[in-house]
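Since the structure comes first, as structure tokens, the remarks are kept for the end.
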Amino acid sequence: MNTDGTGHRPMQKRAEATRQALLDAALELFSERGFHGTNTKEVAARAGVATGSVYRYFTNKKALFLAVMSRMEDAMRGQIFGLGRELAASGAPPRQTMERLVGFALEAHRPHRAFHREVLAMTLLDPDVARVEAEREGRVRRELMDFLADMPGLYPPDDLEAAAEMIHLSVEEVAHRAVIFDSPIGEERLTRMLLDMLGAWLVIENGA
């Protein structure tokens with residue numbers, strides 16, 4: 001079997017590289033021009049591949065858009081909860097853990113603000129995008145429930161699922177208002193108010 005020493009066929013590696021190049025190009029173009037202003041020919045050109053290559057990996061433009069959403073979710077969710085687990089394992093005080101985690105979650109929205117805006121718009125316009133976004137929110141809620149249940153120094157909410165949903169919605173709303181859309185109140189003020197509210201609600205005083 002002809003491999004490159006890593007156990008992967010060179011053809012498989014090239015295929016994955018092409019797929020990632022298409023996702024990178026699609027992210028750029030959807031951010032610049034929006035979903036409806038982008039076509040697959042432009043995506044292929046920016047990725048440096050033939051137009052037909054797009055359809056080897058994605059059935060249509062919407063599938064490509066959903067794949068970009070999925071890749072971004074995986075990266076953000078993995079980074080945010082990865083940091084949370086590292087902080088918890090290090091024995092960091094609960095308030096410090098919460099503040100760093102919320103700050104990191106907000107910051108994670110910054111690099112691709114235009115694409116986040118397009119996702120929000122498409123969620124209102126397209127039922128497939130709305131479904132995928134709802135599924136994403138469910139995964140975040142479940143992972144946040146697990147994190148809250150295992151985190152020492154926090155008041156255990158009577159309704160863990162509702163608590164996870166409230167935290168998720170609060171962080172998402174501040175991310176949208178303060179980071180993605182530049183709230184007139186200002187990112188710093190909104191972030192500080194969010195942290196104060198969550199700290200007063202969740203953190204046990206002698207564990208802060």
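Residues in the structure tokens are named by chain (A, B, ... in the order shown) and by number from 1 within that chain; ligands are numbered from 1 in the order shown.
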
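Within the 10 Å cut-off around Thr18 of chain A, using only C-alpha atoms and omitting residues fewer than 4 positions from it on the same chain, the listed residues are A:Gln12, A:Lys13, A:Arg14, A:Leu22, A:Leu23, A:Asp24, A:Ala44, A:Ala47, A:Gly48, A:Val49, A:Ser53, A:Val54, A:Tyr57.
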
Close residues, Arg71 of chain A itself excluded, 12 Å, only C-alpha atoms, min 4 positions apart in chain, as a VMD selection string = chain A and resid 19 to 20 23 to 24 26 to 27 64 to 67 75 to 78 136

Store the residues of this selection in a file with N, CA and C atoms, as a compact mmCIF listing (two decimals), in the first residue's frame.
# COMPACT_ATOMS: atom_id res chain seq x y z
N ARG A 19 -10.63 20.02 -0.18
CA ARG A 19 -11.87 20.34 0.54
C ARG A 19 -11.66 21.52 1.48
N GLN A 20 -10.56 21.53 2.21
CA GLN A 20 -10.30 22.63 3.12
C GLN A 20 -10.07 23.93 2.37
N LEU A 23 -13.42 25.27 1.49
CA LEU A 23 -14.07 25.86 2.67
C LEU A 23 -13.46 27.21 3.02
N ASP A 24 -12.14 27.32 2.91
CA ASP A 24 -11.48 28.60 3.17
C ASP A 24 -11.97 29.67 2.18
N ALA A 26 -14.73 29.63 0.41
CA ALA A 26 -16.15 29.91 0.62
C ALA A 26 -16.36 30.83 1.81
N LEU A 27 -15.63 30.63 2.89
CA LEU A 27 -15.73 31.50 4.05
C LEU A 27 -15.41 32.94 3.67
N LEU A 64 -22.30 23.73 0.82
CA LEU A 64 -21.00 24.35 1.08
C LEU A 64 -21.12 25.35 2.23
N PHE A 65 -22.16 26.15 2.23
CA PHE A 65 -22.39 27.12 3.30
C PHE A 65 -22.55 26.41 4.64
N LEU A 66 -23.33 25.34 4.66
CA LEU A 66 -23.54 24.58 5.89
C LEU A 66 -22.25 23.95 6.37
N ALA A 67 -21.40 23.51 5.45
CA ALA A 67 -20.12 22.92 5.82
C ALA A 67 -19.20 23.96 6.45
N ALA A 75 -14.57 24.25 15.52
CA ALA A 75 -13.37 24.94 16.00
C ALA A 75 -13.68 25.78 17.24
N MET A 76 -14.76 26.56 17.18
CA MET A 76 -15.08 27.43 18.30
C MET A 76 -15.47 26.64 19.54
N ARG A 77 -16.32 25.65 19.36
CA ARG A 77 -16.78 24.87 20.52
C ARG A 77 -15.61 24.12 21.16
N GLY A 78 -14.74 23.55 20.31
CA GLY A 78 -13.60 22.83 20.84
C GLY A 78 -12.65 23.73 21.60
N ARG A 136 -26.89 23.12 16.37
CA ARG A 136 -25.66 23.64 16.99
C ARG A 136 -25.94 24.12 18.41

Taking only C-alpha atoms into account, which of A:Met72, A:Val140, A:Val102, A:Ala130 comes nearest Met193 of chain A?
-> A:Val102

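Using only C-alpha atoms, the nearest neighbour of Lys62 of chain A within the list A:Val119, A:Ala17, A:Met98, A:Leu106 is A:Val119.
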
In Å, how far is it from atom CA of Arg33 of chain A to atom CA of Arg46 of chain A?
-> 13.4 Å

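The space separating atom CA of Leu144 of chain A from atom CA of Ala164 of chain A comes to 5.7 Å.
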
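The spacing separating atom CA of Glu143 of chain A from atom CA of Ser170 of chain A amounts to 15.9 Å.
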
May I have all residues of segment 21-206 of chain A that DSSP, computed from the backbone, assigns to alpha helix (DSSP H), given as a PyMOL selection string?
-> chain A and resi 21-33+40-47+51-57+61-90+94-107+113-125+127-150+160-174+187-202

Taking a cut-off of 9 Å and counting only C-alpha atoms, can you build a table that, for each residue of segment 69-150 of chain A near segment 176-188 of chain A, reports the nearest atom pair and how far apart they are in Å (one decimal), sorted by chain then residue number, as CSV?
residue,atom,partner,partner_atom,distance
A:Leu106,CA,A:Val179,CA,7.1
A:Glu107,CA,A:Val179,CA,7.8
A:His109,CA,A:Val179,CA,6.9
A:Arg110,CA,A:Val179,CA,6.2
A:His112,CA,A:Ile180,CA,8.6
A:Arg113,CA,A:Ile180,CA,5.1
A:Ala114,CA,A:Ile180,CA,7.5
A:His116,CA,A:Ile180,CA,7.2
A:Arg117,CA,A:Ile180,CA,6.9

Next, the residues of the selection above should be written as a compact mmCIF listing (two decimals), in the first residue's frame with N, CA and C atoms.
# COMPACT_ATOMS: atom_id res chain seq x y z
N LEU A 106 -16.52 35.36 23.62
CA LEU A 106 -16.82 36.58 22.89
C LEU A 106 -15.75 36.85 21.83
N GLU A 107 -14.51 36.67 22.20
CA GLU A 107 -13.41 36.94 21.28
C GLU A 107 -13.44 36.00 20.08
N HIS A 109 -15.82 35.15 18.35
CA HIS A 109 -16.72 35.65 17.31
C HIS A 109 -16.08 36.73 16.44
N ARG A 110 -14.94 37.26 16.86
CA ARG A 110 -14.39 38.44 16.19
C ARG A 110 -13.78 38.16 14.81
N HIS A 112 -14.40 36.39 12.23
CA HIS A 112 -15.26 36.24 11.05
C HIS A 112 -16.62 36.89 11.29
N ARG A 113 -16.59 38.15 11.68
CA ARG A 113 -17.83 38.84 12.02
C ARG A 113 -18.82 38.87 10.85
N ALA A 114 -18.31 39.11 9.65
CA ALA A 114 -19.20 39.21 8.49
C ALA A 114 -19.89 37.88 8.22
N HIS A 116 -20.56 35.56 10.48
CA HIS A 116 -21.57 35.39 11.54
C HIS A 116 -22.83 36.19 11.22
N ARG A 117 -22.66 37.39 10.70
CA ARG A 117 -23.83 38.19 10.32
C ARG A 117 -24.63 37.50 9.22

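With distances restricted to only C-alpha atoms, A:Ala25 is the closest residue to Glu42 of chain A from A:Ala25, A:Leu190, A:Leu202, A:Leu169.
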